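Colleague: Input: one structure, supplied below.
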Amino acid sequence: MDRFELYDLKVEVAEPRSEMVCSHKVGDSFLVQGENLIFDAGTSFSMYALSAILPMLPVKQRKTDDNDWITTDAYIACPDPNCGALFKITRTGLRTFRHGECTVVP
């Protein structure tokens with residue numbers, strides 16, 4: 001079997017914990033499907049916020065134990081210490097991939 005599953009994700013700007021000073025807007029979002037980040041036309045997302053979120057995406061895509069904190073914790077803080085923005089990562093579905101379609105390594 002050369003199949004594996006990854007969760008599709010939605011990353012969205014959630015209600016802030018305090019005033020947002022960056023360009024975030026509550027409700028702005030993007031999707032993660034496999035290795036692809038999918039943005040709606042006209043949507044922007046801070047590259048600084050993205051740099052804080054990116055390391056979490058591959059692990060949130062994978063199946064984890066129900067008691068693992070990565071399964072239950074969904075919020076990432078804006079990396080600007082003066083900004084109260086929170087970004088919520090939600091698993092939205094499960095997608096099947098084939099090893100051979102993702103790499104040339106046998």
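Naming scheme: A, B, ... for chains in displayed order of the structure tokens; residues 1 onward per chain; ligands 1 onward as shown.
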Name the residues of chain A that come out as strand (DSSP E or B) in a backbone DSSP run; write them as a PDB file with C-alpha atoms, in the first residue's frame.
Modeller:
ATOM      1  CA  ARG A   3      -1.494   5.431   0.378  1.00  0.00           C
ATOM      2  CA  PHE A   4      -1.573   7.853   3.274  1.00  0.00           C
ATOM      3  CA  GLU A   5      -4.064  10.368   4.621  1.00  0.00           C
ATOM      4  CA  LEU A   6      -3.729  14.021   5.531  1.00  0.00           C
ATOM      5  CA  TYR A   7      -6.307  16.346   6.974  1.00  0.00           C
ATOM      6  CA  ASP A   8      -7.429  19.349   4.985  1.00  0.00           C
ATOM      7  CA  LEU A   9      -7.167  22.471   7.128  1.00  0.00           C
ATOM      8  CA  LYS A  10      -8.716  25.886   7.398  1.00  0.00           C
ATOM      9  CA  VAL A  11      -6.642  28.680   8.933  1.00  0.00           C
ATOM     10  CA  GLU A  12      -8.594  31.768   9.892  1.00  0.00           C
ATOM     11  CA  VAL A  13      -8.170  34.975  11.815  1.00  0.00           C
ATOM     12  CA  ALA A  14     -10.194  34.426  14.999  1.00  0.00           C
ATOM     13  CA  SER A  29      -8.669  32.654   5.974  1.00  0.00           C
ATOM     14  CA  PHE A  30      -6.934  30.213   3.700  1.00  0.00           C
ATOM     15  CA  LEU A  31      -7.166  26.466   3.131  1.00  0.00           C
ATOM     16  CA  VAL A  32      -4.487  23.786   3.219  1.00  0.00           C
ATOM     17  CA  GLN A  33      -4.918  20.791   0.919  1.00  0.00           C
ATOM     18  CA  ASN A  36      -1.025  23.626  -1.206  1.00  0.00           C
ATOM     19  CA  LEU A  37      -2.128  26.839   0.469  1.00  0.00           C
ATOM     20  CA  ILE A  38      -5.336  28.083  -1.173  1.00  0.00           C
ATOM     21  CA  PHE A  39      -6.362  31.721  -0.859  1.00  0.00           C
ATOM     22  CA  TYR A  75      -4.845  28.674  18.211  1.00  0.00           C
ATOM     23  CA  ILE A  76      -1.595  30.357  17.165  1.00  0.00           C
ATOM     24  CA  ALA A  77      -0.765  33.880  18.341  1.00  0.00           C
ATOM     25  CA  LEU A  86      -5.196  34.740  17.068  1.00  0.00           C
ATOM     26  CA  PHE A  87      -5.217  32.310  14.168  1.00  0.00           C
ATOM     27  CA  LYS A  88      -7.367  29.192  14.410  1.00  0.00           C
ATOM     28  CA  ILE A  89      -6.416  25.960  12.627  1.00  0.00           C
ATOM     29  CA  THR A  90      -9.355  23.625  12.010  1.00  0.00           C
ATOM     30  CA  ARG A  91      -9.284  20.147  10.488  1.00  0.00           C
ATOM     31  CA  THR A  92     -11.986  20.126   7.812  1.00  0.00           C
ATOM     32  CA  GLY A  93     -11.709  16.761   6.087  1.00  0.00           C
ATOM     33  CA  LEU A  94      -9.462  13.820   5.320  1.00  0.00           C
ATOM     34  CA  ARG A  95      -7.787  13.370   1.943  1.00  0.00           C
ATOM     35  CA  THR A  96      -5.972  10.273   0.619  1.00  0.00           C
ATOM     36  CA  PHE A  97      -2.654  10.598  -1.218  1.00  0.00           C
ATOM     37  CA  ARG A  98      -0.409   8.103  -2.965  1.00  0.00           C
TER      38      ARG A  98
END
Colleague: Output as a tab-separated table (two decimals) with C-alpha atoms, in the first residue's frame all residues of chain A that backbone DSSP marks as helix (DSSP H, G or I).
Modeller:
chain	number	residue	atom	x	y	z
A	47	MET	CA	3.92	36.95	5.87
A	48	TYR	CA	4.97	37.41	9.51
A	49	ALA	CA	1.84	35.67	10.78
A	50	LEU	CA	2.30	32.99	8.13
A	51	SER	CA	5.84	32.37	9.39
A	52	ALA	CA	4.40	31.53	12.83
A	53	ILE	CA	1.67	29.31	11.41
A	54	LEU	CA	3.59	27.33	8.77
A	55	PRO	CA	5.50	25.00	11.16
A	56	MET	CA	2.20	23.85	12.68
A	57	LEU	CA	0.47	22.91	9.42
A	58	PRO	CA	2.21	19.60	8.57
A	59	VAL	CA	1.67	18.24	12.08
A	60	LYS	CA	-1.98	19.38	12.18
A	61	GLN	CA	-2.48	17.54	8.87
A	69	TRP	CA	-2.12	18.60	22.83
A	70	ILE	CA	-1.62	19.08	19.08
A	71	THR	CA	-5.03	17.46	18.55
A	72	THR	CA	-6.89	19.81	20.88
A	99	HIS	CA	3.27	8.01	-2.09
A	100	GLY	CA	4.29	7.79	-5.74
A	101	GLU	CA	2.39	10.97	-6.59
A	102	CYS	CA	4.29	12.98	-3.95
Colleague: So how many Å separate CA of Ser18 in chain A and CA of Ser44 in chain A, to one decimal?
Modeller: 21.2 Å
Colleague: Work out how far apart CA of Ala74 in chain A and CA of Cys22 in chain A are and give it in Å to one decimal.
Modeller: 20.5 Å
Colleague: CA of Gly34 in chain A and CA of Gly84 in chain A are how many Å apart?
Modeller: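 Rounded to one decimal, the two atoms are 29.2 Å apart.
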Colleague: Name the closest residue to Glu19 in chain A among the candidates A:Cys83, A:Met1, A:Cys78, A:Ala41; distances are taken between atoms, counting only C-alpha atoms.
Modeller: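 The shortest atom-to-atom distance to Glu19 in chain A comes from A:Cys83.
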Colleague: Pick out the residues sitting within 9 Å of Met20 in chain A, and hand them over as a PyMOL selection string; count only C-alpha atoms, and ignore anything fewer than 4 positions along from it in its own chain.
Modeller: chain A and resi 16+24-25+82-85
